[in-house]
Amino acid sequence: RPLGDADALLTRTRGVAVGVRTADCGPVLLFAPDVGAVAAVHAGWRGLASGAVEALLRSFPEEPELAVAGPCICASCYCVGGDVRKLVIDRSGGEHPEGRLDLRAALVSQARAAGLACAMMHAGPCTMCRPDMFHSFRRDGTGLRNIAWLEG
């Protein structure tokens, strides 16, 4: 059932699933099985510029054993203005082609800077390149609301 609008959710309640919907932004999932903690964060350029991944990791009860960055727009498809690019690079670092953002590189860079020790896996291809698999805000011109779901 929908819980409400949110860019991140964290729970330690076993049997409860968390998730976020995205339309080009980077979803990040964290898991710490010893304490039964799972979390999901919606991290587009605004989330990265505001430190969403850092905040989630600071709130996480222990070091995650698993971190996954889900499908998001690739650097080749993600053209941005200099002001947006600078905001993300200033907060997250990462290597970004001129005039573009590499969300996956920024997600990994921000997670590492926040102390994430485990490897962050990347799941899925570019959301914009694969219209057969994913909705893309940039390709389709429409967005999805960032709705957090609580199951259980």
# chains A, B, ... in the order shown; residues from 1 in each chain; ligands from 1
>>> residues_around(residues="Leu56 in chain A", least_positions_apart="3", cutoff="12 Å", atoms="only C-alpha atoms", output="VMD selection string")
chain A and resid 7 to 11 28 to 31 37 to 43 47 to 48 50 to 53 59 to 64 67 110 to 111 114 to 116
>>> residues_around(residues="range 97-108 of chain A", least_positions_apart="6", cutoff="12 Å", atoms="only C-alpha atoms", output="VMD selection string")
chain A and resid 24 to 29 41 to 49 51 to 54 57 67 to 91 114 to 127
>>> atom_distance(atom1="CA of Pro33 in chain A", atom2="CA of Asp5 in chain A")
26.1 Å
>>> decode(residues="range 77-147 of chain A", atoms="C-alpha atoms", output="PDB file, in the first residue's frame")
ATOM      1  CA  CYS A  77      21.946  10.389 -22.748  1.00  0.00           C
ATOM      2  CA  TYR A  78      21.988  12.790 -19.791  1.00  0.00           C
ATOM      3  CA  CYS A  79      22.745  16.282 -21.101  1.00  0.00           C
ATOM      4  CA  VAL A  80      22.594  18.940 -18.386  1.00  0.00           C
ATOM      5  CA  GLY A  81      23.418  22.599 -17.945  1.00  0.00           C
ATOM      6  CA  GLY A  82      26.626  23.700 -16.308  1.00  0.00           C
ATOM      7  CA  ASP A  83      24.879  24.799 -13.114  1.00  0.00           C
ATOM      8  CA  VAL A  84      23.301  21.359 -12.544  1.00  0.00           C
ATOM      9  CA  ARG A  85      26.529  19.572 -13.421  1.00  0.00           C
ATOM     10  CA  LYS A  86      28.489  21.736 -10.976  1.00  0.00           C
ATOM     11  CA  LEU A  87      26.009  21.141  -8.133  1.00  0.00           C
ATOM     12  CA  VAL A  88      26.339  17.374  -8.492  1.00  0.00           C
ATOM     13  CA  ILE A  89      30.110  17.378  -8.975  1.00  0.00           C
ATOM     14  CA  ASP A  90      30.625  19.708  -5.992  1.00  0.00           C
ATOM     15  CA  ARG A  91      28.669  17.346  -3.724  1.00  0.00           C
ATOM     16  CA  SER A  92      29.342  13.939  -5.249  1.00  0.00           C
ATOM     17  CA  GLY A  93      32.437  14.090  -7.413  1.00  0.00           C
ATOM     18  CA  GLY A  94      32.746  11.383 -10.029  1.00  0.00           C
ATOM     19  CA  GLU A  95      33.942  11.541 -13.610  1.00  0.00           C
ATOM     20  CA  HIS A  96      31.457  13.207 -15.963  1.00  0.00           C
ATOM     21  CA  PRO A  97      31.751  13.934 -19.684  1.00  0.00           C
ATOM     22  CA  GLU A  98      31.511  17.621 -20.609  1.00  0.00           C
ATOM     23  CA  GLY A  99      27.885  18.828 -20.574  1.00  0.00           C
ATOM     24  CA  ARG A 100      26.630  15.528 -19.179  1.00  0.00           C
ATOM     25  CA  LEU A 101      26.092  13.738 -15.896  1.00  0.00           C
ATOM     26  CA  ASP A 102      26.991  10.171 -15.101  1.00  0.00           C
ATOM     27  CA  LEU A 103      24.471   9.361 -12.354  1.00  0.00           C
ATOM     28  CA  ARG A 104      26.014   5.970 -11.639  1.00  0.00           C
ATOM     29  CA  ALA A 105      29.483   7.472 -11.150  1.00  0.00           C
ATOM     30  CA  ALA A 106      28.015  10.161  -8.888  1.00  0.00           C
ATOM     31  CA  LEU A 107      26.045   7.586  -6.865  1.00  0.00           C
ATOM     32  CA  VAL A 108      29.157   5.470  -6.304  1.00  0.00           C
ATOM     33  CA  SER A 109      31.306   8.503  -5.525  1.00  0.00           C
ATOM     34  CA  GLN A 110      28.816   9.881  -2.990  1.00  0.00           C
ATOM     35  CA  ALA A 111      28.379   6.474  -1.351  1.00  0.00           C
ATOM     36  CA  ARG A 112      32.154   5.990  -1.060  1.00  0.00           C
ATOM     37  CA  ALA A 113      32.598   9.471   0.405  1.00  0.00           C
ATOM     38  CA  ALA A 114      29.898   8.619   2.973  1.00  0.00           C
ATOM     39  CA  GLY A 115      31.835   5.512   4.013  1.00  0.00           C
ATOM     40  CA  LEU A 116      30.191   2.687   2.041  1.00  0.00           C
ATOM     41  CA  ALA A 117      32.687  -0.183   2.187  1.00  0.00           C
ATOM     42  CA  CYS A 118      30.935  -2.848   0.103  1.00  0.00           C
ATOM     43  CA  ALA A 119      30.915  -2.751  -3.682  1.00  0.00           C
ATOM     44  CA  MET A 120      27.922  -1.027  -5.260  1.00  0.00           C
ATOM     45  CA  MET A 121      26.493  -3.227  -7.996  1.00  0.00           C
ATOM     46  CA  HIS A 122      24.758  -1.739 -11.029  1.00  0.00           C
ATOM     47  CA  ALA A 123      21.571  -3.375 -12.219  1.00  0.00           C
ATOM     48  CA  GLY A 124      20.022  -2.680 -15.574  1.00  0.00           C
ATOM     49  CA  PRO A 125      20.723  -0.647 -18.664  1.00  0.00           C
ATOM     50  CA  CYS A 126      20.007   3.003 -19.440  1.00  0.00           C
ATOM     51  CA  THR A 127      16.353   3.944 -18.934  1.00  0.00           C
ATOM     52  CA  MET A 128      16.364   6.251 -21.958  1.00  0.00           C
ATOM     53  CA  CYS A 129      18.050   3.780 -24.328  1.00  0.00           C
ATOM     54  CA  ARG A 130      15.563   0.993 -23.572  1.00  0.00           C
ATOM     55  CA  PRO A 131      11.969   2.127 -24.273  1.00  0.00           C
ATOM     56  CA  ASP A 132      10.973  -1.543 -24.397  1.00  0.00           C
ATOM     57  CA  MET A 133      11.903  -1.921 -20.722  1.00  0.00           C
ATOM     58  CA  PHE A 134      11.703   1.459 -18.967  1.00  0.00           C
ATOM     59  CA  HIS A 135       9.841   4.716 -18.708  1.00  0.00           C
ATOM     60  CA  SER A 136      12.116   7.729 -19.270  1.00  0.00           C
ATOM     61  CA  PHE A 137      11.202  11.258 -18.291  1.00  0.00           C
ATOM     62  CA  ARG A 138      13.608  12.720 -20.844  1.00  0.00           C
ATOM     63  CA  ARG A 139      12.506  10.444 -23.670  1.00  0.00           C
ATOM     64  CA  ASP A 140       8.754  10.328 -22.937  1.00  0.00           C
ATOM     65  CA  GLY A 141       8.292  13.852 -21.601  1.00  0.00           C
ATOM     66  CA  THR A 142       6.291  12.748 -18.591  1.00  0.00           C
ATOM     67  CA  GLY A 143       7.316  11.997 -15.044  1.00  0.00           C
ATOM     68  CA  LEU A 144       6.290   9.526 -12.441  1.00  0.00           C
ATOM     69  CA  ARG A 145       5.665  10.695  -8.909  1.00  0.00           C
ATOM     70  CA  ASN A 146       8.264   9.497  -6.452  1.00  0.00           C
ATOM     71  CA  ILE A 147       6.008   7.304  -4.384  1.00  0.00           C
TER      72      ILE A 147
END
